[in-house]
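Next up, model-v4.cif (mmCIF, C-alpha atoms and all ligand atoms):
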data_work
#
loop_
_atom_site.label_atom_id
_atom_site.label_comp_id
_atom_site.auth_asym_id
_atom_site.auth_seq_id
_atom_site.Cartn_x
_atom_site.Cartn_y
_atom_site.Cartn_z
CA MET A 7 -210.46 111.85 -16.01
CA LYS A 8 -212.28 109.95 -18.72
CA ARG A 9 -213.70 106.59 -17.78
CA ARG A 10 -211.50 104.99 -20.39
CA ASP A 11 -208.45 106.20 -18.47
CA LEU A 12 -209.93 104.94 -15.22
CA LEU A 13 -210.44 101.50 -16.74
CA LEU A 14 -206.95 101.36 -18.14
CA GLY A 15 -205.46 102.62 -14.91
CA SER A 16 -207.27 100.27 -12.56
CA GLY A 17 -204.08 98.67 -11.28
CA ALA A 18 -204.33 94.99 -10.49
CA ALA A 19 -207.34 94.49 -12.75
CA ILE A 20 -205.21 95.37 -15.75
CA ALA A 21 -201.63 94.22 -15.39
CA ALA A 22 -199.09 95.08 -18.06
CA PHE A 23 -199.73 91.83 -19.89
CA SER A 24 -203.34 92.68 -20.64
CA LEU A 25 -202.50 96.06 -22.10
CA GLY A 26 -205.25 96.83 -24.56
CA ALA A 27 -207.15 93.68 -23.76
CA ARG A 28 -210.08 94.26 -21.48
CA THR A 29 -211.64 91.48 -19.50
CA ARG A 30 -215.06 90.23 -20.55
CA ALA A 31 -216.58 91.95 -17.52
CA GLN A 32 -215.06 95.28 -18.50
CA ASN A 33 -216.28 94.91 -22.08
CA ALA A 34 -219.78 94.12 -20.82
CA LEU A 35 -219.71 97.21 -18.61
CA VAL A 36 -218.67 99.41 -21.51
CA ALA A 37 -221.21 97.80 -23.86
CA ALA A 38 -223.99 98.45 -21.33
CA THR A 39 -223.20 102.17 -21.18
CA GLY A 40 -222.83 102.61 -24.95
CA GLU A 41 -219.17 103.63 -24.86
CA GLU A 42 -216.58 102.26 -27.23
CA THR A 43 -215.90 98.59 -26.54
CA PHE A 44 -212.19 98.47 -27.21
CA ALA A 45 -210.05 101.27 -25.84
CA LEU A 46 -206.83 102.59 -27.35
CA PRO A 47 -204.22 101.66 -24.72
CA GLN A 48 -201.91 104.21 -23.15
CA LEU A 49 -198.20 103.69 -23.81
CA PRO A 50 -196.47 102.22 -20.74
CA TYR A 51 -193.67 104.84 -21.22
CA ALA A 52 -193.27 108.34 -22.64
CA TYR A 53 -193.49 108.92 -26.41
CA ASN A 54 -189.75 109.69 -26.49
CA ALA A 55 -188.69 106.79 -24.23
CA LEU A 56 -187.62 104.51 -27.09
CA GLU A 57 -185.26 107.05 -28.65
CA PRO A 58 -182.92 106.88 -30.45
CA VAL A 59 -184.21 103.55 -31.82
CA ILE A 60 -187.78 104.81 -32.43
CA SER A 61 -188.33 108.57 -32.51
CA GLU A 62 -190.96 110.46 -30.55
CA GLU A 63 -192.54 111.62 -33.82
CA THR A 64 -192.88 108.04 -35.06
CA MET A 65 -194.43 106.94 -31.76
CA ARG A 66 -196.93 109.82 -31.77
CA PHE A 67 -198.14 109.07 -35.30
CA HIS A 68 -198.01 105.32 -34.79
CA ARG A 69 -200.15 105.22 -31.65
CA ASP A 70 -202.28 108.35 -31.98
CA LYS A 71 -203.13 107.96 -35.69
CA HIS A 72 -202.55 104.39 -36.87
CA HIS A 73 -203.46 102.43 -33.73
CA ALA A 74 -206.31 104.86 -33.02
CA GLY A 75 -207.66 104.18 -36.53
CA TYR A 76 -207.63 100.41 -36.10
CA THR A 77 -209.33 100.80 -32.72
CA LYS A 78 -212.08 103.01 -34.13
CA ASN A 79 -212.78 100.68 -37.05
CA LEU A 80 -212.83 97.55 -34.86
CA ASN A 81 -215.34 99.27 -32.57
CA LYS A 82 -217.52 100.19 -35.55
CA ALA A 83 -217.53 96.55 -36.69
CA VAL A 84 -218.57 95.15 -33.28
CA ASP A 85 -221.16 97.89 -32.86
CA LYS A 86 -222.97 96.17 -35.73
CA TYR A 87 -222.94 92.83 -33.89
CA PRO A 88 -223.07 93.57 -30.14
CA GLN A 89 -223.06 89.86 -29.29
CA PHE A 90 -219.29 89.94 -29.80
CA LYS A 91 -218.69 92.76 -27.29
CA GLN A 92 -218.42 90.33 -24.40
CA PHE A 93 -215.27 88.77 -25.88
CA SER A 94 -211.68 89.99 -25.88
CA ALA A 95 -210.27 91.25 -29.17
CA GLU A 96 -207.81 88.33 -29.09
CA THR A 97 -210.69 85.84 -28.90
CA ILE A 98 -212.56 87.59 -31.72
CA ILE A 99 -209.63 87.57 -34.14
CA GLY A 100 -208.86 83.96 -33.19
CA ASN A 101 -212.26 82.94 -34.56
CA MET A 102 -212.46 84.72 -37.90
CA GLY A 103 -214.54 81.93 -39.48
CA ALA A 104 -217.31 82.42 -36.91
CA LEU A 105 -217.77 86.13 -37.75
CA PRO A 106 -220.47 87.48 -40.07
CA GLY A 107 -219.10 87.81 -43.60
CA ASP A 108 -219.76 91.54 -43.86
CA ILE A 109 -217.36 92.41 -41.01
CA ARG A 110 -214.79 89.66 -41.50
CA ARG A 111 -212.35 91.68 -43.60
CA THR A 112 -212.71 94.75 -41.36
CA VAL A 113 -212.02 92.67 -38.26
CA ARG A 114 -209.10 90.89 -39.90
CA ASN A 115 -207.44 94.22 -40.74
CA ASN A 116 -208.51 96.38 -37.81
CA GLY A 117 -208.96 93.78 -35.08
CA GLY A 118 -205.56 92.46 -36.10
CA GLY A 119 -204.14 95.99 -36.03
CA TYR A 120 -205.72 96.65 -32.64
CA VAL A 121 -204.30 93.50 -31.02
CA ASN A 122 -200.91 93.58 -32.77
CA HIS A 123 -200.13 97.15 -31.69
CA SER A 124 -201.37 96.54 -28.13
CA ILE A 125 -198.81 93.73 -27.89
CA PHE A 126 -196.14 95.80 -29.67
CA TRP A 127 -196.19 98.69 -27.16
CA SER A 128 -195.99 96.27 -24.25
CA ILE A 129 -193.01 94.28 -25.50
CA MET A 130 -190.79 97.35 -25.94
CA ALA A 131 -188.96 99.32 -23.24
CA PRO A 132 -186.37 102.09 -23.02
CA PRO A 133 -182.92 100.83 -24.09
CA SER A 134 -181.62 100.88 -20.49
CA GLN A 135 -184.39 98.46 -19.46
CA SER A 136 -184.21 95.95 -22.33
CA GLY A 137 -182.42 93.10 -20.50
CA ARG A 138 -182.13 89.52 -21.75
CA PRO A 139 -184.52 86.55 -22.20
CA LEU A 140 -185.33 85.04 -18.79
CA GLY A 141 -186.09 81.60 -17.34
CA ALA A 142 -188.20 79.26 -19.44
CA LEU A 143 -187.99 81.53 -22.50
CA ALA A 144 -184.18 81.51 -22.43
CA SER A 145 -184.21 77.68 -22.35
CA ALA A 146 -186.82 77.47 -25.13
CA ILE A 147 -184.81 79.79 -27.39
CA ALA A 148 -181.73 77.61 -26.90
CA ARG A 149 -183.80 74.47 -27.58
CA ASP A 150 -185.67 75.72 -30.67
CA PHE A 151 -183.08 78.03 -32.28
CA GLY A 152 -179.72 77.14 -30.76
CA SER A 153 -179.01 80.66 -29.52
CA LEU A 154 -180.55 84.12 -29.16
CA GLU A 155 -178.39 85.29 -32.05
CA ALA A 156 -179.81 82.55 -34.31
CA LEU A 157 -183.37 83.54 -33.34
CA GLN A 158 -182.60 87.19 -34.09
CA GLU A 159 -181.18 86.25 -37.48
CA GLN A 160 -184.33 84.29 -38.44
CA PHE A 161 -186.61 87.02 -37.08
CA ASN A 162 -184.77 89.78 -38.95
CA ALA A 163 -184.90 87.73 -42.15
CA ALA A 164 -188.67 87.24 -41.76
CA GLY A 165 -189.08 91.01 -41.35
CA ALA A 166 -186.73 91.92 -44.18
CA LYS A 167 -188.29 89.61 -46.76
CA GLN A 168 -191.91 90.50 -45.94
CA PHE A 169 -193.01 92.08 -49.24
CA GLY A 170 -194.90 95.28 -48.54
CA SER A 171 -196.52 95.77 -45.14
CA GLY A 172 -196.57 93.21 -42.35
CA TRP A 173 -194.99 91.87 -39.21
CA ALA A 174 -192.27 89.50 -38.04
CA TRP A 175 -193.48 87.26 -35.20
CA LEU A 176 -192.14 84.87 -32.63
CA ALA A 177 -195.07 82.60 -31.75
CA LEU A 178 -195.75 79.47 -29.74
CA GLU A 179 -197.43 76.53 -31.42
CA PRO A 180 -199.72 75.31 -28.61
CA ILE A 181 -199.78 71.55 -29.31
CA GLY A 182 -196.06 70.85 -29.63
CA LYS A 183 -195.14 73.89 -27.46
CA THR A 184 -192.58 74.88 -30.08
CA LEU A 185 -191.41 78.43 -30.83
CA VAL A 186 -191.66 79.48 -34.47
CA VAL A 187 -190.64 82.60 -36.42
CA LEU A 188 -193.22 83.83 -38.92
CA GLY A 189 -193.61 86.64 -41.42
CA TYR A 190 -197.24 87.74 -41.88
CA PRO A 191 -198.68 90.33 -44.27
CA ASN A 192 -200.74 93.38 -43.27
CA GLN A 193 -202.27 93.05 -39.79
CA ASP A 194 -202.57 89.27 -39.75
CA SER A 195 -201.87 87.85 -36.30
CA PRO A 196 -200.64 84.48 -35.02
CA TYR A 197 -203.94 84.34 -33.09
CA MET A 198 -205.68 83.97 -36.47
CA GLN A 199 -203.73 80.73 -37.04
CA GLY A 200 -204.26 79.32 -33.54
CA LEU A 201 -200.76 80.36 -32.42
CA TYR A 202 -199.82 82.55 -29.45
CA PRO A 203 -197.83 85.70 -30.35
CA VAL A 204 -194.88 85.94 -27.96
CA MET A 205 -193.41 89.02 -29.65
CA GLY A 206 -193.66 90.86 -32.94
CA ASN A 207 -192.02 93.69 -34.82
CA ASP A 208 -194.02 95.97 -37.09
CA VAL A 209 -192.37 96.32 -40.52
CA TRP A 210 -194.99 98.62 -42.06
CA GLU A 211 -193.19 101.70 -43.36
CA HIS A 212 -195.08 103.85 -40.83
CA ALA A 213 -193.12 102.05 -38.09
CA TYR A 214 -189.69 103.20 -39.23
CA TYR A 215 -189.70 105.40 -42.33
CA LEU A 216 -189.42 108.82 -40.60
CA THR A 217 -186.05 107.77 -39.14
CA TYR A 218 -184.73 104.92 -41.27
CA ARG A 219 -186.32 105.82 -44.63
CA ASN A 220 -185.97 102.73 -46.86
CA ARG A 221 -183.44 101.01 -44.57
CA ARG A 222 -185.74 98.38 -43.06
CA LYS A 223 -182.86 96.03 -42.25
CA GLU A 224 -181.20 98.71 -40.15
CA TYR A 225 -184.45 99.27 -38.22
CA LEU A 226 -184.78 95.51 -37.64
CA ALA A 227 -181.23 95.32 -36.29
CA GLU A 228 -181.60 98.38 -34.02
CA TRP A 229 -184.98 97.24 -32.68
CA TRP A 230 -183.41 94.57 -30.45
CA LYS A 231 -182.04 97.35 -28.22
CA ILE A 232 -185.59 98.15 -27.06
CA VAL A 233 -187.10 94.69 -26.64
CA ASN A 234 -188.67 94.37 -23.18
CA TRP A 235 -187.34 90.89 -22.44
CA ALA A 236 -189.03 90.71 -19.05
CA GLU A 237 -192.43 91.14 -20.75
CA VAL A 238 -191.57 88.81 -23.65
CA SER A 239 -190.47 86.18 -21.11
CA ARG A 240 -193.76 86.66 -19.24
CA ARG A 241 -195.73 86.28 -22.48
CA TYR A 242 -193.90 83.01 -23.16
CA GLU A 243 -194.99 81.67 -19.74
CA ALA A 244 -198.58 82.71 -20.57
CA ALA A 245 -198.29 81.01 -23.95
CA LEU A 246 -197.38 77.68 -22.34
CA ALA A 247 -200.68 77.66 -20.42
CA TRP A 248 -202.80 79.06 -23.28
CA ILE A 249 -205.65 77.17 -24.92
CA PRO A 250 -207.06 78.85 -28.06
CA PRO A 251 -210.45 80.27 -26.96
CA SER A 252 -213.63 79.96 -29.00
CA LEU A 253 -216.52 82.41 -29.34
MN MN3 B 1 -198.09 99.80 -37.18
#

Could you write out this structure as structure tokens?
Amino acid sequence: MKRRDLLLGSGAAIAAFSLGARTRAQNALVAATGEETFALPQLPYAYNALEPVISEETMRFHRDKHHAGYTKNLNKAVDKYPQFKQFSAETIIGNMGALPGDIRRTVRNNGGGYVNHSIFWSIMAPPSQSGRPLGALASAIARDFGSLEALQEQFNAAGAKQFGSGWAWLALEPIGKTLVVLGYPNQDSPYMQGLYPVMGNDVWEHAYYLTYRNRRKEYLAEWWKIVNWAEVSRRYEAALAWIPPSL
């Protein structure tokens, strides 16, 4: 077993919520031994587990090619400036202005891609395990949107009108503790704006084109069948306690 697998499989140290996000101590350990700093996370389910909403072929290309590419390029950028290896990828992309100019664009695109996809895998589940929003999240959705259906409508609209590649996000604004729906281009992340990403859907063509072709709206509508509401609800609880970290 590779050490990367050992690290990702080390049970309590890495709960589902930190999928893809190593602790500072783990990053330091990896940095000291010269291995890659940020590891491509394993999927928490089989490649075909999200069918028929997302096909096995899409999942294989999406994780093994696209997410692997972002991971590799983020690692290359921090290899140039090892002082950043002690921080989580979320902390790094939350402090773009503090990064050296020559890696800023690379980190924006690939650090964003690394973090966004790590969240994305974790907030999906097989259709039979999708569930409903729980506890504090259910109340916050009612408070900030009126109903789950109204949130879904706003979220789908954000995804549908994103011109070109990007993401639809549900994020928590940490001062007012308000939920907001956002559409961001490319691999931009709510972390880059000081917001906590509660959930996001990838509307790059690579996320849906093999199955849905040009029918992005259909993909957006179907996607709700595989939202892992238990994990999204847990992320909302984490968001309430979150303070944007600095480098
Ligand atoms: Mn993608």

* Asked: To one decimal place, how far is CA of Val113 in chain A from CA of Pro203 in chain A in Å?
  ->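 So the answer is 17.7 Å.
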
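Using all atoms listed in the file, the smallest distance between any of A:Trp210, A:Tyr53, A:Tyr120, A:Tyr190 and ligand MN3 1 (chain B) comes from A:Trp210.
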
Taking a cut-off of 12 Å and counting all atoms listed in the file, can you build a table that, for each residue of chain A near ligand MN3 1 (chain B), reports the nearest atom pair and how far apart they are in Å (one decimal), sorted by chain then residue number, as JSON lines?
{"residue": "A:Thr64", "atom": "CA", "partner": "B:MN3_1", "partner_atom": "MN", "distance": 10.0}
{"residue": "A:Met65", "atom": "CA", "partner": "B:MN3_1", "partner_atom": "MN", "distance": 9.7}
{"residue": "A:Arg66", "atom": "CA", "partner": "B:MN3_1", "partner_atom": "MN", "distance": 11.4}
{"residue": "A:Phe67", "atom": "CA", "partner": "B:MN3_1", "partner_atom": "MN", "distance": 9.5}
{"residue": "A:His68", "atom": "CA", "partner": "B:MN3_1", "partner_atom": "MN", "distance": 6.0}
{"residue": "A:Arg69", "atom": "CA", "partner": "B:MN3_1", "partner_atom": "MN", "distance": 8.0}
{"residue": "A:Asp70", "atom": "CA", "partner": "B:MN3_1", "partner_atom": "MN", "distance": 10.8}
{"residue": "A:Lys71", "atom": "CA", "partner": "B:MN3_1", "partner_atom": "MN", "distance": 9.7}
{"residue": "A:His72", "atom": "CA", "partner": "B:MN3_1", "partner_atom": "MN", "distance": 6.4}
{"residue": "A:His73", "atom": "CA", "partner": "B:MN3_1", "partner_atom": "MN", "distance": 6.9}
{"residue": "A:Ala74", "atom": "CA", "partner": "B:MN3_1", "partner_atom": "MN", "distance": 10.5}
{"residue": "A:Gly75", "atom": "CA", "partner": "B:MN3_1", "partner_atom": "MN", "distance": 10.5}
{"residue": "A:Tyr76", "atom": "CA", "partner": "B:MN3_1", "partner_atom": "MN", "distance": 9.6}
{"residue": "A:Asn115", "atom": "CA", "partner": "B:MN3_1", "partner_atom": "MN", "distance": 11.5}
{"residue": "A:Asn116", "atom": "CA", "partner": "B:MN3_1", "partner_atom": "MN", "distance": 11.0}
{"residue": "A:Gly118", "atom": "CA", "partner": "B:MN3_1", "partner_atom": "MN", "distance": 10.5}
{"residue": "A:Gly119", "atom": "CA", "partner": "B:MN3_1", "partner_atom": "MN", "distance": 7.2}
{"residue": "A:Tyr120", "atom": "CA", "partner": "B:MN3_1", "partner_atom": "MN", "distance": 9.4}
{"residue": "A:Val121", "atom": "CA", "partner": "B:MN3_1", "partner_atom": "MN", "distance": 10.8}
{"residue": "A:Asn122", "atom": "CA", "partner": "B:MN3_1", "partner_atom": "MN", "distance": 8.1}
{"residue": "A:His123", "atom": "CA", "partner": "B:MN3_1", "partner_atom": "MN", "distance": 6.4}
{"residue": "A:Ser124", "atom": "CA", "partner": "B:MN3_1", "partner_atom": "MN", "distance": 10.2}
{"residue": "A:Ile125", "atom": "CA", "partner": "B:MN3_1", "partner_atom": "MN", "distance": 11.1}
{"residue": "A:Phe126", "atom": "CA", "partner": "B:MN3_1", "partner_atom": "MN", "distance": 8.7}
{"residue": "A:Trp127", "atom": "CA", "partner": "B:MN3_1", "partner_atom": "MN", "distance": 10.3}
{"residue": "A:Ser171", "atom": "CA", "partner": "B:MN3_1", "partner_atom": "MN", "distance": 9.1}
{"residue": "A:Gly172", "atom": "CA", "partner": "B:MN3_1", "partner_atom": "MN", "distance": 8.5}
{"residue": "A:Trp173", "atom": "CA", "partner": "B:MN3_1", "partner_atom": "MN", "distance": 8.8}
{"residue": "A:Ala174", "atom": "CA", "partner": "B:MN3_1", "partner_atom": "MN", "distance": 11.9}
{"residue": "A:Pro191", "atom": "CA", "partner": "B:MN3_1", "partner_atom": "MN", "distance": 11.8}
{"residue": "A:Asn192", "atom": "CA", "partner": "B:MN3_1", "partner_atom": "MN", "distance": 9.2}
{"residue": "A:Gln193", "atom": "CA", "partner": "B:MN3_1", "partner_atom": "MN", "distance": 8.4}
{"residue": "A:Asp194", "atom": "CA", "partner": "B:MN3_1", "partner_atom": "MN", "distance": 11.7}
{"residue": "A:Gly206", "atom": "CA", "partner": "B:MN3_1", "partner_atom": "MN", "distance": 10.8}
{"residue": "A:Asn207", "atom": "CA", "partner": "B:MN3_1", "partner_atom": "MN", "distance": 8.9}
{"residue": "A:Asp208", "atom": "CA", "partner": "B:MN3_1", "partner_atom": "MN", "distance": 5.6}
{"residue": "A:Val209", "atom": "CA", "partner": "B:MN3_1", "partner_atom": "MN", "distance": 7.5}
{"residue": "A:Trp210", "atom": "CA", "partner": "B:MN3_1", "partner_atom": "MN", "distance": 5.9}
{"residue": "A:Glu211", "atom": "CA", "partner": "B:MN3_1", "partner_atom": "MN", "distance": 8.1}
{"residue": "A:His212", "atom": "CA", "partner": "B:MN3_1", "partner_atom": "MN", "distance": 6.2}
{"residue": "A:Ala213", "atom": "CA", "partner": "B:MN3_1", "partner_atom": "MN", "distance": 5.5}
{"residue": "A:Tyr214", "atom": "CA", "partner": "B:MN3_1", "partner_atom": "MN", "distance": 9.3}
{"residue": "A:Tyr215", "atom": "CA", "partner": "B:MN3_1", "partner_atom": "MN", "distance": 11.3}

Same residues, C-alpha atoms, output as a PDB file, keeping the file's coordinate frame:
ATOM      1  CA  THR A  64    -192.880 108.040 -35.060  1.00  0.00           C
ATOM      2  CA  MET A  65    -194.430 106.940 -31.760  1.00  0.00           C
ATOM      3  CA  ARG A  66    -196.930 109.820 -31.770  1.00  0.00           C
ATOM      4  CA  PHE A  67    -198.140 109.070 -35.300  1.00  0.00           C
ATOM      5  CA  HIS A  68    -198.010 105.320 -34.790  1.00  0.00           C
ATOM      6  CA  ARG A  69    -200.150 105.220 -31.650  1.00  0.00           C
ATOM      7  CA  ASP A  70    -202.280 108.350 -31.980  1.00  0.00           C
ATOM      8  CA  LYS A  71    -203.130 107.960 -35.690  1.00  0.00           C
ATOM      9  CA  HIS A  72    -202.550 104.390 -36.870  1.00  0.00           C
ATOM     10  CA  HIS A  73    -203.460 102.430 -33.730  1.00  0.00           C
ATOM     11  CA  ALA A  74    -206.310 104.860 -33.020  1.00  0.00           C
ATOM     12  CA  GLY A  75    -207.660 104.180 -36.530  1.00  0.00           C
ATOM     13  CA  TYR A  76    -207.630 100.410 -36.100  1.00  0.00           C
ATOM     14  CA  ASN A 115    -207.440  94.220 -40.740  1.00  0.00           C
ATOM     15  CA  ASN A 116    -208.510  96.380 -37.810  1.00  0.00           C
ATOM     16  CA  GLY A 118    -205.560  92.460 -36.100  1.00  0.00           C
ATOM     17  CA  GLY A 119    -204.140  95.990 -36.030  1.00  0.00           C
ATOM     18  CA  TYR A 120    -205.720  96.650 -32.640  1.00  0.00           C
ATOM     19  CA  VAL A 121    -204.300  93.500 -31.020  1.00  0.00           C
ATOM     20  CA  ASN A 122    -200.910  93.580 -32.770  1.00  0.00           C
ATOM     21  CA  HIS A 123    -200.130  97.150 -31.690  1.00  0.00           C
ATOM     22  CA  SER A 124    -201.370  96.540 -28.130  1.00  0.00           C
ATOM     23  CA  ILE A 125    -198.810  93.730 -27.890  1.00  0.00           C
ATOM     24  CA  PHE A 126    -196.140  95.800 -29.670  1.00  0.00           C
ATOM     25  CA  TRP A 127    -196.190  98.690 -27.160  1.00  0.00           C
ATOM     26  CA  SER A 171    -196.520  95.770 -45.140  1.00  0.00           C
ATOM     27  CA  GLY A 172    -196.570  93.210 -42.350  1.00  0.00           C
ATOM     28  CA  TRP A 173    -194.990  91.870 -39.210  1.00  0.00           C
ATOM     29  CA  ALA A 174    -192.270  89.500 -38.040  1.00  0.00           C
ATOM     30  CA  PRO A 191    -198.680  90.330 -44.270  1.00  0.00           C
ATOM     31  CA  ASN A 192    -200.740  93.380 -43.270  1.00  0.00           C
ATOM     32  CA  GLN A 193    -202.270  93.050 -39.790  1.00  0.00           C
ATOM     33  CA  ASP A 194    -202.570  89.270 -39.750  1.00  0.00           C
ATOM     34  CA  GLY A 206    -193.660  90.860 -32.940  1.00  0.00           C
ATOM     35  CA  ASN A 207    -192.020  93.690 -34.820  1.00  0.00           C
ATOM     36  CA  ASP A 208    -194.020  95.970 -37.090  1.00  0.00           C
ATOM     37  CA  VAL A 209    -192.370  96.320 -40.520  1.00  0.00           C
ATOM     38  CA  TRP A 210    -194.990  98.620 -42.060  1.00  0.00           C
ATOM     39  CA  GLU A 211    -193.190 101.700 -43.360  1.00  0.00           C
ATOM     40  CA  HIS A 212    -195.080 103.850 -40.830  1.00  0.00           C
ATOM     41  CA  ALA A 213    -193.120 102.050 -38.090  1.00  0.00           C
ATOM     42  CA  TYR A 214    -189.690 103.200 -39.230  1.00  0.00           C
ATOM     43  CA  TYR A 215    -189.700 105.400 -42.330  1.00  0.00           C
TER      44      TYR A 215
END

* Please measure the separation of CA of Glu159 in chain A and CA of Glu62 in chain A, giving the value in Å to one decimal. => 27.0 Å

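When CA of Val238 in chain A is paired with CA of Val84 in chain A, their separation reads 29.4 Å.
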
* Pick from A:Ala163, A:Leu188, A:Ala245, A:Met205 nearest to Ala227 in chain A, counting all atoms listed in the file -> A:Ala163

Please supply range 201-220 of chain A, rebuilt with N, CA and C atoms, as an mmCIF file, keeping the file's coordinate frame.
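result-v3.cif, freshly written:
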data_model
loop_
_atom_site.group_PDB
_atom_site.id
_atom_site.type_symbol
_atom_site.label_atom_id
_atom_site.label_comp_id
_atom_site.auth_asym_id
_atom_site.auth_seq_id
_atom_site.Cartn_x
_atom_site.Cartn_y
_atom_site.Cartn_z
ATOM 1 N N LEU A 201 -202.077 80.278 -33.065
ATOM 2 C CA LEU A 201 -200.760 80.360 -32.420
ATOM 3 C C LEU A 201 -200.765 81.544 -31.447
ATOM 4 N N TYR A 202 -199.897 81.473 -30.438
ATOM 5 C CA TYR A 202 -199.820 82.550 -29.450
ATOM 6 C C TYR A 202 -198.646 83.477 -29.786
ATOM 7 N N PRO A 203 -198.924 84.767 -30.030
ATOM 8 C CA PRO A 203 -197.830 85.700 -30.350
ATOM 9 C C PRO A 203 -197.016 86.033 -29.101
ATOM 10 N N VAL A 204 -195.753 85.651 -29.099
ATOM 11 C CA VAL A 204 -194.880 85.940 -27.960
ATOM 12 C C VAL A 204 -194.266 87.334 -28.126
ATOM 13 N N MET A 205 -193.821 87.649 -29.343
ATOM 14 C CA MET A 205 -193.410 89.020 -29.650
ATOM 15 C C MET A 205 -193.480 89.253 -31.153
ATOM 16 N N GLY A 206 -193.596 90.519 -31.519
ATOM 17 C CA GLY A 206 -193.660 90.860 -32.940
ATOM 18 C C GLY A 206 -193.052 92.213 -33.200
ATOM 19 N N ASN A 207 -192.519 92.378 -34.398
ATOM 20 C CA ASN A 207 -192.020 93.690 -34.820
ATOM 21 C C ASN A 207 -192.772 94.129 -36.072
ATOM 22 N N ASP A 208 -193.223 95.362 -36.025
ATOM 23 C CA ASP A 208 -194.020 95.970 -37.090
ATOM 24 C C ASP A 208 -193.070 96.431 -38.199
ATOM 25 N N VAL A 209 -193.225 95.878 -39.409
ATOM 26 C CA VAL A 209 -192.370 96.320 -40.520
ATOM 27 C C VAL A 209 -193.156 97.098 -41.587
ATOM 28 N N TRP A 210 -194.342 97.630 -41.188
ATOM 29 C CA TRP A 210 -194.990 98.620 -42.060
ATOM 30 C C TRP A 210 -194.064 99.835 -42.140
ATOM 31 N N GLU A 211 -194.064 100.534 -43.254
ATOM 32 C CA GLU A 211 -193.190 101.700 -43.360
ATOM 33 C C GLU A 211 -193.490 102.746 -42.289
ATOM 34 N N HIS A 212 -194.756 102.832 -41.849
ATOM 35 C CA HIS A 212 -195.080 103.850 -40.830
ATOM 36 C C HIS A 212 -194.323 103.608 -39.524
ATOM 37 N N ALA A 213 -193.818 102.390 -39.334
ATOM 38 C CA ALA A 213 -193.120 102.050 -38.090
ATOM 39 C C ALA A 213 -191.688 102.574 -38.055
ATOM 40 N N TYR A 214 -191.120 102.861 -39.225
ATOM 41 C CA TYR A 214 -189.690 103.200 -39.230
ATOM 42 C C TYR A 214 -189.281 104.266 -40.231
ATOM 43 N N TYR A 215 -190.147 104.623 -41.179
ATOM 44 C CA TYR A 215 -189.700 105.400 -42.330
ATOM 45 C C TYR A 215 -189.214 106.814 -41.974
ATOM 46 N N LEU A 216 -189.813 107.449 -40.963
ATOM 47 C CA LEU A 216 -189.420 108.820 -40.600
ATOM 48 C C LEU A 216 -187.949 108.875 -40.203
ATOM 49 N N THR A 217 -187.449 107.807 -39.592
ATOM 50 C CA THR A 217 -186.050 107.770 -39.140
ATOM 51 C C THR A 217 -185.153 106.996 -40.103
ATOM 52 N N TYR A 218 -185.620 105.829 -40.526
ATOM 53 C CA TYR A 218 -184.730 104.920 -41.270
ATOM 54 C C TYR A 218 -184.943 104.987 -42.785
ATOM 55 N N ARG A 219 -185.984 105.767 -43.196
ATOM 56 C CA ARG A 219 -186.320 105.820 -44.630
ATOM 57 C C ARG A 219 -186.486 104.403 -45.178
ATOM 58 N N ASN A 220 -185.766 104.051 -46.254
ATOM 59 C CA ASN A 220 -185.970 102.730 -46.860
ATOM 60 C C ASN A 220 -185.098 101.641 -46.226
#
